[in-house]
$ cat structure_9.cif   # mmCIF, C-alpha atoms and all ligand atoms
data_coords
loop_
_atom_site.label_atom_id
_atom_site.label_comp_id
_atom_site.auth_asym_id
_atom_site.auth_seq_id
_atom_site.Cartn_x
_atom_site.Cartn_y
_atom_site.Cartn_z
CA MET A 95 52.54 13.60 67.69
CA LEU A 96 53.00 11.00 70.42
CA GLN A 97 51.69 11.47 73.94
CA ILE A 98 52.62 9.02 76.65
CA HIS A 99 50.35 9.81 79.53
CA GLU A 100 51.01 8.28 82.97
CA ILE A 101 51.55 4.79 81.58
CA GLN A 102 51.93 1.91 83.97
CA CYS A 103 52.90 -1.66 82.98
CA GLN A 104 52.93 -4.72 85.17
CA TYR A 105 54.17 -8.28 84.94
CA GLU A 106 51.71 -10.06 87.25
CA SER A 107 51.76 -7.86 90.37
CA ASP A 108 55.18 -6.27 89.65
CA ILE A 109 54.92 -2.67 88.46
CA VAL A 110 57.89 -2.27 86.09
CA VAL A 111 56.83 1.02 84.46
CA ASP A 112 55.33 3.47 86.92
CA LYS A 113 53.23 6.44 85.71
CA VAL A 114 55.64 7.51 82.97
CA SER A 115 54.67 10.57 80.89
CA PHE A 116 56.41 12.32 78.00
CA HIS A 117 55.63 13.53 74.51
CA VAL A 118 57.41 13.41 71.17
CA ASN A 119 57.01 16.17 68.57
CA ASP A 120 56.97 15.61 64.83
CA GLY A 121 60.47 14.92 63.56
CA ASP A 122 62.01 14.63 67.05
CA ILE A 123 64.51 11.90 67.77
CA CYS A 124 64.41 10.73 71.37
CA SER A 125 66.09 8.12 73.51
CA LEU A 126 65.10 6.15 76.57
CA LEU A 127 68.22 5.71 78.63
CA GLY A 128 68.82 3.92 81.90
CA PRO A 129 70.40 0.92 83.60
CA SER A 130 69.49 -2.68 82.78
CA GLY A 131 65.99 -3.62 83.93
CA CYS A 132 64.73 -0.03 84.39
CA GLY A 133 61.81 -0.56 81.98
CA LYS A 134 63.06 0.89 78.67
CA THR A 135 62.06 -2.04 76.47
CA THR A 136 58.73 -2.42 78.25
CA ILE A 137 57.87 1.21 77.38
CA LEU A 138 58.88 0.62 73.75
CA ARG A 139 56.73 -2.53 73.66
CA ALA A 140 53.82 -0.58 75.16
CA ILE A 141 54.12 2.05 72.41
CA ALA A 142 54.37 -0.65 69.73
CA GLY A 143 51.27 -2.41 71.07
CA PHE A 144 52.87 -5.60 72.42
CA GLN A 145 52.43 -4.66 76.07
CA PRO A 146 49.05 -3.79 77.65
CA LEU A 147 48.73 -0.87 80.09
CA THR A 148 47.37 -1.08 83.63
CA HIS A 149 47.08 2.72 83.80
CA GLY A 150 47.45 5.67 81.43
CA GLN A 151 47.28 6.10 77.68
CA VAL A 152 49.37 5.96 74.52
CA ILE A 153 48.07 8.56 72.04
CA LEU A 154 49.43 8.86 68.50
CA ARG A 155 48.18 11.76 66.37
CA ASP A 156 45.19 12.26 68.67
CA GLN A 157 44.16 8.62 68.43
CA CYS A 158 44.24 6.58 71.65
CA LEU A 159 46.10 3.35 70.84
CA SER A 160 46.39 1.88 74.34
CA GLN A 161 44.70 2.27 77.67
CA PRO A 162 43.54 -0.28 80.25
CA GLY A 163 41.13 -2.58 78.39
CA LYS A 164 42.14 -1.25 74.95
CA LEU A 165 45.07 -2.35 72.77
CA VAL A 166 45.08 -1.44 69.07
CA ASP A 167 46.97 -4.18 67.15
CA PRO A 168 50.64 -3.48 66.44
CA GLU A 169 49.99 -3.75 62.64
CA GLN A 170 47.29 -1.07 62.86
CA ARG A 171 49.54 1.52 64.53
CA ASN A 172 51.75 2.68 61.65
CA ILE A 173 54.77 2.36 63.90
CA GLY A 174 58.01 0.78 62.62
CA MET A 175 60.43 -1.23 64.74
CA VAL A 176 64.10 -2.06 64.43
CA PHE A 177 65.52 -4.68 66.79
CA GLN A 178 68.95 -5.46 68.16
CA ASP A 179 69.13 -8.77 66.25
CA TYR A 180 67.92 -7.19 62.94
CA ALA A 181 65.17 -9.88 62.60
CA LEU A 182 65.54 -10.08 58.80
CA PHE A 183 63.80 -12.88 56.91
CA PRO A 184 66.69 -15.23 56.03
CA HIS A 185 64.97 -16.72 52.97
CA LEU A 186 64.27 -13.31 51.38
CA SER A 187 66.75 -11.15 49.47
CA VAL A 188 67.56 -7.63 50.66
CA LYS A 189 65.04 -6.20 48.16
CA ASP A 190 62.31 -8.61 49.21
CA ASN A 191 62.95 -7.96 52.90
CA ILE A 192 62.39 -4.24 52.25
CA ARG A 193 59.40 -4.98 50.00
CA PHE A 194 57.77 -7.10 52.72
CA GLY A 195 55.80 -4.28 54.36
CA LEU A 196 54.58 -2.88 51.01
CA ARG A 197 52.22 -5.67 49.98
CA LYS A 198 49.30 -3.28 49.63
CA GLN A 199 51.12 -1.17 47.01
CA SER A 200 51.21 -1.87 43.24
CA SER A 201 54.39 -3.59 42.07
CA ALA A 202 55.54 -0.40 40.28
CA GLN A 203 55.15 1.56 43.55
CA GLN A 204 56.93 -1.22 45.46
CA ASN A 205 59.88 -1.16 43.03
CA SER A 206 60.26 2.59 43.28
CA THR A 207 60.09 2.59 47.12
CA VAL A 208 62.64 -0.25 47.36
CA LYS A 209 64.99 1.54 44.94
CA ARG A 210 64.73 4.82 46.88
CA LEU A 211 65.37 3.12 50.23
CA LEU A 212 68.32 1.08 48.91
CA GLU A 213 69.87 4.36 47.80
CA LEU A 214 69.11 5.98 51.13
CA VAL A 215 70.86 3.25 53.11
CA GLN A 216 73.61 3.00 50.45
CA LEU A 217 73.04 -0.64 49.53
CA GLU A 218 72.04 -0.13 45.86
CA ASP A 219 74.54 -2.73 44.64
CA ILE A 220 73.58 -5.59 46.92
CA GLY A 221 69.78 -5.69 46.74
CA HIS A 222 69.95 -9.23 45.33
CA ARG A 223 71.94 -10.68 48.26
CA TYR A 224 70.54 -12.66 51.18
CA PRO A 225 70.98 -11.66 54.87
CA HIS A 226 73.73 -14.26 55.52
CA GLU A 227 75.78 -12.63 52.73
CA LEU A 228 75.83 -9.26 54.54
CA SER A 229 77.94 -7.76 57.34
CA GLY A 230 76.27 -6.80 60.64
CA GLY A 231 76.22 -3.11 59.68
CA GLN A 232 74.68 -3.92 56.28
CA GLN A 233 72.03 -6.13 57.90
CA GLN A 234 71.11 -3.32 60.28
CA ARG A 235 70.77 -0.91 57.32
CA VAL A 236 68.41 -3.38 55.62
CA ALA A 237 66.40 -3.66 58.85
CA LEU A 238 66.16 0.14 58.93
CA ALA A 239 65.08 0.32 55.27
CA ARG A 240 62.45 -2.37 55.87
CA ALA A 241 61.06 -0.49 58.89
CA LEU A 242 61.00 2.79 56.93
CA ALA A 243 59.35 1.29 53.80
CA PRO A 244 55.70 1.70 54.92
CA SER A 245 56.41 5.39 55.89
CA PRO A 246 55.67 4.95 59.59
CA ASP A 247 54.57 7.86 61.77
CA LEU A 248 57.10 6.78 64.35
CA LEU A 249 60.12 4.49 64.38
CA LEU A 250 61.09 2.53 67.50
CA LEU A 251 64.68 1.31 67.75
CA ASP A 252 65.53 -1.23 70.45
CA GLU A 253 69.31 -1.25 71.02
CA PRO A 254 69.77 -1.49 67.24
CA PHE A 255 73.52 -0.89 67.24
CA SER A 256 74.61 -3.01 70.18
CA ASN A 257 75.77 -6.00 68.10
CA LEU A 258 78.19 -3.83 66.14
CA ASP A 259 81.75 -2.95 66.99
CA ALA A 260 82.35 0.45 68.61
CA GLU A 261 83.55 2.29 65.48
CA LEU A 262 80.75 1.03 63.22
CA ARG A 263 78.21 1.59 65.96
CA LYS A 264 79.12 5.25 66.21
CA ARG A 265 79.17 5.76 62.44
CA LEU A 266 75.91 3.92 61.77
CA SER A 267 74.02 5.65 64.57
CA LEU A 268 74.95 9.06 63.12
CA GLU A 269 74.02 7.87 59.62
CA VAL A 270 70.64 6.66 60.88
CA ARG A 271 70.08 9.99 62.61
CA ASP A 272 70.80 11.82 59.33
CA ILE A 273 68.38 9.55 57.44
CA LEU A 274 65.60 10.07 60.00
CA LYS A 275 66.14 13.82 59.98
CA GLU A 276 66.10 13.86 56.15
CA LEU A 277 62.81 11.93 56.10
CA LYS A 278 61.45 13.94 59.10
CA ILE A 279 60.50 10.72 60.87
CA SER A 280 60.15 10.78 64.65
CA ALA A 281 61.98 8.03 66.48
CA ILE A 282 62.56 6.62 69.95
CA LEU A 283 65.79 4.76 70.60
CA VAL A 284 66.28 2.46 73.59
CA THR A 285 69.87 2.35 74.75
CA HIS A 286 71.98 2.08 77.88
CA ASP A 287 74.87 3.86 76.16
CA GLN A 288 74.96 7.52 77.21
CA GLN A 289 77.32 8.65 74.47
CA GLU A 290 75.07 7.06 71.85
CA ALA A 291 71.98 8.72 73.37
CA PHE A 292 73.77 12.10 73.55
CA ALA A 293 74.89 11.98 69.91
CA PHE A 294 71.62 10.55 68.55
CA SER A 295 68.88 12.42 70.36
CA ASP A 296 67.08 15.73 70.55
CA GLN A 297 65.50 14.64 73.85
CA ILE A 298 66.43 11.92 76.33
CA GLY A 299 64.28 10.28 78.99
CA LEU A 300 66.30 8.91 81.88
CA LEU A 301 64.60 6.00 83.62
CA HIS A 302 65.39 4.41 86.94
CA GLY A 303 63.37 1.69 88.65
CA GLY A 304 60.47 2.07 86.20
CA GLN A 305 60.15 5.82 86.83
CA LEU A 306 61.07 8.65 84.51
CA GLN A 307 63.61 10.79 86.33
CA GLN A 308 64.06 13.51 83.71
CA TRP A 309 62.97 14.15 80.12
CA ASP A 310 65.26 16.75 78.67
CA THR A 311 67.85 17.74 76.09
CA PRO A 312 71.23 15.97 76.29
CA PHE A 313 72.81 19.29 77.37
CA ASN A 314 70.40 19.76 80.27
CA LEU A 315 70.61 16.16 81.38
CA TYR A 316 74.37 16.59 81.72
CA HIS A 317 74.51 20.13 83.03
CA GLU A 318 71.18 20.42 84.88
CA PRO A 319 70.41 16.98 86.34
CA SER A 320 67.11 17.32 88.19
CA ASN A 321 68.01 14.96 91.01
CA ARG A 322 70.84 12.96 92.47
CA THR A 323 69.89 9.78 90.60
CA VAL A 324 70.29 11.55 87.24
CA ALA A 325 73.53 13.23 88.36
CA ASP A 326 74.95 9.85 89.44
CA PHE A 327 73.99 8.09 86.22
CA ILE A 328 74.89 10.73 83.63
CA GLY A 329 78.49 11.59 82.82
CA GLU A 330 81.46 11.53 85.09
CA GLY A 331 82.12 13.67 88.12
CA CYS A 332 82.31 13.71 91.88
CA PHE A 333 80.44 15.33 94.73
CA ILE A 334 82.28 17.40 97.30
CA PRO A 335 80.75 18.75 100.51
CA GLY A 336 79.94 22.44 100.76
CA VAL A 337 77.99 24.96 102.81
CA ILE A 338 75.68 27.66 101.42
CA GLY A 339 77.40 31.04 101.79
CA GLY A 340 76.20 34.56 102.67
CA GLU A 341 75.23 35.32 99.07
CA ALA A 342 72.53 32.92 97.83
CA ASN A 343 74.63 31.89 94.81
CA THR A 344 77.78 31.00 96.75
CA ILE A 345 78.90 27.71 98.25
CA SER A 346 82.02 27.44 100.37
CA THR A 347 83.98 24.26 99.79
CA GLU A 348 87.50 23.03 100.30
CA LEU A 349 88.20 24.28 96.76
CA GLY A 350 87.31 27.79 97.93
CA THR A 351 84.08 29.76 97.54
CA LEU A 352 82.34 28.59 94.39
CA ILE A 353 80.00 31.02 92.66
CA GLY A 354 77.03 29.32 91.04
CA ASN A 355 74.91 30.45 88.13
CA ARG A 356 71.75 30.47 90.26
CA ALA A 357 70.45 31.38 93.72
CA TYR A 358 70.26 28.24 95.88
CA HIS A 359 67.07 27.99 97.91
CA TRP A 360 68.60 26.72 101.16
CA PRO A 361 69.44 29.15 104.00
CA GLN A 362 72.99 30.27 104.71
CA GLY A 363 74.99 27.54 106.46
CA SER A 364 73.00 24.65 104.96
CA PRO A 365 75.13 21.59 104.18
CA VAL A 366 75.06 20.62 100.50
CA GLU A 367 76.88 18.39 98.05
CA VAL A 368 78.27 20.05 94.94
CA LEU A 369 78.59 18.20 91.65
CA LEU A 370 81.88 18.86 89.90
CA ARG A 371 82.30 17.45 86.39
CA PRO A 372 85.79 16.60 85.11
CA ASP A 373 85.68 19.65 82.83
CA ASP A 374 84.92 21.91 85.83
CA ILE A 375 88.40 21.30 87.28
CA VAL A 376 91.31 23.13 85.67
CA LEU A 377 95.00 23.54 86.44
CA SER A 378 95.83 26.68 88.36
CA GLU A 379 98.98 28.58 87.55
CA LEU A 380 98.73 30.91 90.54
CA GLY A 381 97.74 29.46 93.89
CA GLY A 382 94.92 26.93 93.81
CA ILE A 383 94.58 23.80 95.88
CA THR A 384 97.14 21.04 95.90
CA ALA A 385 95.73 17.71 94.73
CA THR A 386 97.43 14.36 94.30
CA VAL A 387 97.03 12.12 91.25
CA GLU A 388 95.43 8.84 92.33
CA LYS A 389 94.37 7.31 89.03
CA LYS A 390 94.49 8.23 85.38
CA VAL A 391 92.81 7.01 82.20
CA PHE A 392 94.38 8.08 78.90
CA SER A 393 91.91 8.65 76.07
CA GLY A 394 93.97 10.21 73.28
CA SER A 395 93.63 13.98 73.32
CA ALA A 396 92.77 14.11 77.03
CA THR A 397 93.45 12.16 80.22
CA LEU A 398 90.88 11.67 82.96
CA TYR A 399 92.61 12.03 86.33
CA THR A 400 91.17 11.09 89.72
CA LEU A 401 92.67 13.54 92.20
CA SER A 402 92.57 13.44 95.98
CA LEU A 403 92.22 16.67 97.94
CA PRO A 404 93.90 17.37 101.31
CA THR A 405 90.73 16.35 103.21
CA GLY A 406 90.54 13.01 101.41
CA SER A 407 87.67 14.04 99.07
CA ARG A 408 88.14 13.15 95.43
CA VAL A 409 87.51 15.06 92.22
CA GLU A 410 87.99 14.12 88.59
CA ALA A 411 89.74 16.33 86.06
CA LEU A 412 89.88 16.00 82.29
CA LEU A 413 93.20 17.54 81.27
CA PRO A 414 94.90 17.83 77.87
CA SER A 415 97.14 14.79 77.44
CA HIS A 416 100.21 16.57 76.09
CA ARG A 417 101.35 16.93 79.73
CA ASP A 418 101.44 13.55 81.46
CA TYR A 419 101.18 13.60 85.26
CA ALA A 420 102.43 10.58 87.20
CA ILE A 421 100.54 8.74 89.91
CA LYS A 422 101.25 10.45 93.29
CA GLU A 423 102.43 13.63 91.54
CA THR A 424 100.82 16.81 92.90
CA VAL A 425 99.04 19.42 90.78
CA GLN A 426 97.53 22.80 91.61
CA ILE A 427 93.88 22.95 90.69
CA THR A 428 90.96 25.35 90.77
CA THR A 429 87.36 25.26 89.51
CA GLU A 430 85.82 26.77 86.41
CA ALA A 431 82.21 25.66 86.59
CA ASP A 432 79.42 27.38 84.67
CA HIS A 433 76.64 25.09 85.85
CA LEU A 434 77.11 24.53 89.54
CA ILE A 435 74.62 21.91 90.69
CA ALA A 436 74.09 21.29 94.40
CA PHE A 437 71.92 18.85 96.31
CA SER A 438 70.92 19.13 99.94
CA ARG A 439 72.89 16.68 102.06
CA GLU A 440 69.72 15.88 104.06
CA GLU A 441 67.60 15.02 101.04
CA VAL A 442 70.27 13.56 98.85
CA LEU A 443 67.77 11.69 96.70
CA HIS A 444 65.57 14.69 95.99
CA GLY A 445 65.57 18.09 94.36
CA ALA A 446 68.39 20.01 92.77
CA ALA A 447 68.49 23.76 93.14
N1 LIG B 1 57.99 -11.12 80.33
C1 LIG B 1 58.37 -10.69 81.54
N2 LIG B 1 57.89 -11.25 82.66
C2 LIG B 1 58.22 -10.80 83.89
N3 LIG B 1 59.07 -9.76 84.10
C3 LIG B 1 59.59 -9.16 83.01
C4 LIG B 1 59.27 -9.58 81.70
N4 LIG B 1 59.94 -8.78 80.81
C5 LIG B 1 60.64 -7.90 81.56
N5 LIG B 1 60.44 -8.12 82.88
C6 LIG B 1 61.02 -7.35 84.01
O1 LIG B 1 60.59 -6.01 83.86
C7 LIG B 1 61.63 -5.10 84.23
C8 LIG B 1 61.87 -4.13 83.07
O2 LIG B 1 62.37 -4.88 81.96
P1 LIG B 1 62.80 -4.18 80.60
O3 LIG B 1 63.17 -5.26 79.64
O4 LIG B 1 61.75 -3.22 80.19
O5 LIG B 1 64.09 -3.38 81.07
P2 LIG B 1 65.20 -2.65 80.18
O6 LIG B 1 65.43 -1.33 80.81
O7 LIG B 1 64.83 -2.67 78.75
O8 LIG B 1 66.45 -3.61 80.45
P3 LIG B 1 67.71 -3.99 79.49
O9 LIG B 1 68.49 -2.73 79.27
O10 LIG B 1 68.46 -4.98 80.32
O11 LIG B 1 67.15 -4.58 78.23
C9 LIG B 1 62.83 -5.97 84.59
O12 LIG B 1 62.87 -6.09 85.99
C10 LIG B 1 62.53 -7.31 83.95
O13 LIG B 1 63.11 -8.35 84.70
#

$ encode --input "structure_9.cif" --output "C-alpha cells"
Amino acid sequence: MLQIHEIQCQYESDIVVDKVSFHVNDGDICSLLGPSGCGKTTILRAIAGFQPLTHGQVILRDQCLSQPGKLVDPEQRNIGMVFQDYALFPHLSVKDNIRFGLRKQSSAQQNSTVKRLLELVQLEDIGHRYPHELSGGQQQRVALARALAPSPDLLLLDEPFSNLDAELRKRLSLEVRDILKELKISAILVTHDQQEAFAFSDQIGLLHGGQLQQWDTPFNLYHEPSNRTVADFIGEGCFIPGVIGGEANTISTELGTLIGNRAYHWPQGSPVEVLLRPDDIVLSELGGITATVEKKVFSGSATLYTLSLPTGSRVEALLPSHRDYAIKETVQITTEADHLIAFSREEVLHGAA
C-alpha cells in the first residue's frame, strides 16, 4: 500500500536521507529504528508531506504523493500522525479533540465515531475532561484516537511513547499494536528503542547515516544482520576472531570449531569475525573453555555476564540467575549457536555470509 522508492532528502546541501527504499503492505506495522540523527523523523515527515524530496517517490495506493517538484498537501494524504508530545488541543475536551478531524461528517456520524474510539482506547468515562486533567498515558491514547478518527490509510507514530515511564510505555505500545491490528491499519513507528521496535513491529528498517541498512523482520534483524553496522547496533553480543575451516560451514575459533547453519563463501583459511550473542554461550558441564567473569548485570530471571577468554577476547553470556557467579570466578563455557554470522575481517563494514 505504501511504496518508498529511492527517496532522498536534503537540508540545504546536506543529504540526510540517501536513496531509501522500502514498502509497507496493508495492515503491516513497521518501525524505523536507528541512532539519533540517522534520518528517521525526516523519512516520516517526507511520508506525511512536510518534507520535500530531492530524489525518488512516495506512492500511497498507487498515487504518487511526493517526488521532486511535487508535494501533495499533508491534509490531502489520508495519513494520520501521532507525536511524542501528544499535540492535543488544550482548550478542547477529549471528545472534541477526537471529533476535530471529523468536521465533514454529520453530527450523528461524529458522535458514533467518537463513542467507538473512546471505547477502543478505554477512555469512555472521561470524554468530558480536558487534556490537563489527564495522565500522560491517557493523553497519548486520546492522541491515538484523534489520529484514527478519520480512518487513515496509514498511521505515522513519531516516538509516541518516549515521554512515558518504562512500564507504561511497554504496556501502551502493546495496546496500540493490538488496536492497529484490530482495525487493520498500517503504521510506521519511529523509535530508537530496539525492544520497543521488536515488540511492536512486523518489519523494521534499520537506518544509519541516512541510509537504510536492512529492512526485515525483528527475528532476522537480530539473527541475520546483513552487515556489521546492523550487527553492532542490534542486540548484545561480541565478535571473536576465527578462520574458515576445511568444510565450508565450519569456523575454527578459540572456543573450538563452530559449525554454522550455512556455507561461508570465503576460501579455507580466510580470517573472519564471528558474532556470538549472549544466548549463544552456555555453561559446559564436560570440558569447554575456561572463562573469567569480568562484569555482570542482574536483570531478574537472568544475568548478563561479560567473560574474558584465555586470549583476552571477550564474550557475553546470558545465564539463569539462580546461580550467581562472582567477579573473577571462572566458568566452563561452550557455544550453542543456531545462527552463526561471520564477517570478513578485511571488509568488516560489508557483507555477511
Ligand atoms: N530543519 C533542519 N535543518 C537542518 N538540518 C536538519 C533539520 N532537521 C533535521 N536535520 C538534520 O538531519 C539529520 C536527520 O535528522 P532526523 O531528525 O531525521 O534524525 P532522527 O533519526 O529522527 O534523530 P532523533 O532520533 O534524534 O530524533 C540530522 O543530522 C539533523 O541534524

$ closest_residue --input "structure_9.cif" --among "A:Val270, A:Leu196, A:Ile220, A:Ile334" --to "A:Val176" --atoms "all atoms listed in the file"
A:Val270

$ residues_near_ligand --input "structure_9.cif" --ligand "ligand LIG 1 (chain B)" --cutoff "10 Å" --atoms "all atoms listed in the file" --output "PyMOL selection string"
chain A and resi 103-111+126-140+145+252-253+284-287+301-304

$ atom_distance --input "structure_9.cif" --atom1 "atom CA of A:Thr405" --atom2 "atom CA of A:Glu430"
20.4 Å

$ closest_residue --input "structure_9.cif" --among "A:Val152, A:Leu413, A:Leu352, A:Leu147" --to "A:Asp432" --atoms "all atoms listed in the file"
A:Leu352

$ residues_around --input "structure_9.cif" --residues "A:Ile173" --least-positions-apart "3" --cutoff "9 Å" --atoms "only C-alpha atoms" --output "ChimeraX atom specification"
/A:141-142,168-170,241,245-250

$ decode --input "structure_9.cif" --residues "stretch 147-191 of chain A" --atoms "C-alpha atoms" --output "PDB file, in the first residue's frame"
ATOM      1  CA  LEU A 147      12.135  15.066  -1.865  1.00  0.00           C
ATOM      2  CA  THR A 148      15.233  15.772  -3.937  1.00  0.00           C
ATOM      3  CA  HIS A 149      15.050  12.292  -5.489  1.00  0.00           C
ATOM      4  CA  GLY A 150      12.626   9.361  -5.519  1.00  0.00           C
ATOM      5  CA  GLN A 151       8.932   8.964  -4.865  1.00  0.00           C
ATOM      6  CA  VAL A 152       6.395   8.344  -2.113  1.00  0.00           C
ATOM      7  CA  ILE A 153       3.492   6.304  -3.522  1.00  0.00           C
ATOM      8  CA  LEU A 154       0.374   5.515  -1.477  1.00  0.00           C
ATOM      9  CA  ARG A 155      -2.206   3.175  -3.019  1.00  0.00           C
ATOM     10  CA  ASP A 156      -0.746   3.741  -6.493  1.00  0.00           C
ATOM     11  CA  GLN A 157      -0.958   7.518  -6.174  1.00  0.00           C
ATOM     12  CA  CYS A 158       2.323   9.455  -6.252  1.00  0.00           C
ATOM     13  CA  LEU A 159       2.234  11.855  -3.285  1.00  0.00           C
ATOM     14  CA  SER A 160       5.794  13.189  -3.429  1.00  0.00           C
ATOM     15  CA  GLN A 161       8.578  13.437  -5.944  1.00  0.00           C
ATOM     16  CA  PRO A 162      10.968  16.265  -6.824  1.00  0.00           C
ATOM     17  CA  GLY A 163       8.759  19.212  -7.788  1.00  0.00           C
ATOM     18  CA  LYS A 164       5.582  17.573  -6.422  1.00  0.00           C
ATOM     19  CA  LEU A 165       4.271  17.599  -2.842  1.00  0.00           C
ATOM     20  CA  VAL A 166       0.626  16.692  -2.187  1.00  0.00           C
ATOM     21  CA  ASP A 167      -0.571  18.610   0.916  1.00  0.00           C
ATOM     22  CA  PRO A 168      -0.410  16.700   4.204  1.00  0.00           C
ATOM     23  CA  GLU A 169      -4.218  17.130   4.671  1.00  0.00           C
ATOM     24  CA  GLN A 170      -4.871  15.514   1.281  1.00  0.00           C
ATOM     25  CA  ARG A 171      -2.889  12.341   2.054  1.00  0.00           C
ATOM     26  CA  ASN A 172      -5.224  10.468   4.415  1.00  0.00           C
ATOM     27  CA  ILE A 173      -2.281   9.780   6.691  1.00  0.00           C
ATOM     28  CA  GLY A 174      -2.618  10.155  10.483  1.00  0.00           C
ATOM     29  CA  MET A 175       0.179  11.265  12.803  1.00  0.00           C
ATOM     30  CA  VAL A 176       0.832  10.808  16.499  1.00  0.00           C
ATOM     31  CA  PHE A 177       3.653  12.823  18.041  1.00  0.00           C
ATOM     32  CA  GLN A 178       5.881  12.426  21.070  1.00  0.00           C
ATOM     33  CA  ASP A 179       4.321  15.457  22.812  1.00  0.00           C
ATOM     34  CA  TYR A 180       0.702  14.329  22.029  1.00  0.00           C
ATOM     35  CA  ALA A 181      -0.093  17.783  20.498  1.00  0.00           C
ATOM     36  CA  LEU A 182      -3.670  17.797  21.873  1.00  0.00           C
ATOM     37  CA  PHE A 183      -5.713  20.991  21.698  1.00  0.00           C
ATOM     38  CA  PRO A 184      -5.678  22.225  25.317  1.00  0.00           C
ATOM     39  CA  HIS A 185      -8.955  24.169  25.025  1.00  0.00           C
ATOM     40  CA  LEU A 186     -10.916  21.168  23.673  1.00  0.00           C
ATOM     41  CA  SER A 187     -12.314  18.277  25.709  1.00  0.00           C
ATOM     42  CA  VAL A 188     -11.227  14.708  24.984  1.00  0.00           C
ATOM     43  CA  LYS A 189     -14.365  14.173  22.855  1.00  0.00           C
ATOM     44  CA  ASP A 190     -13.836  17.381  20.899  1.00  0.00           C
ATOM     45  CA  ASN A 191     -10.155  16.597  20.324  1.00  0.00           C
TER      46      ASN A 191
END
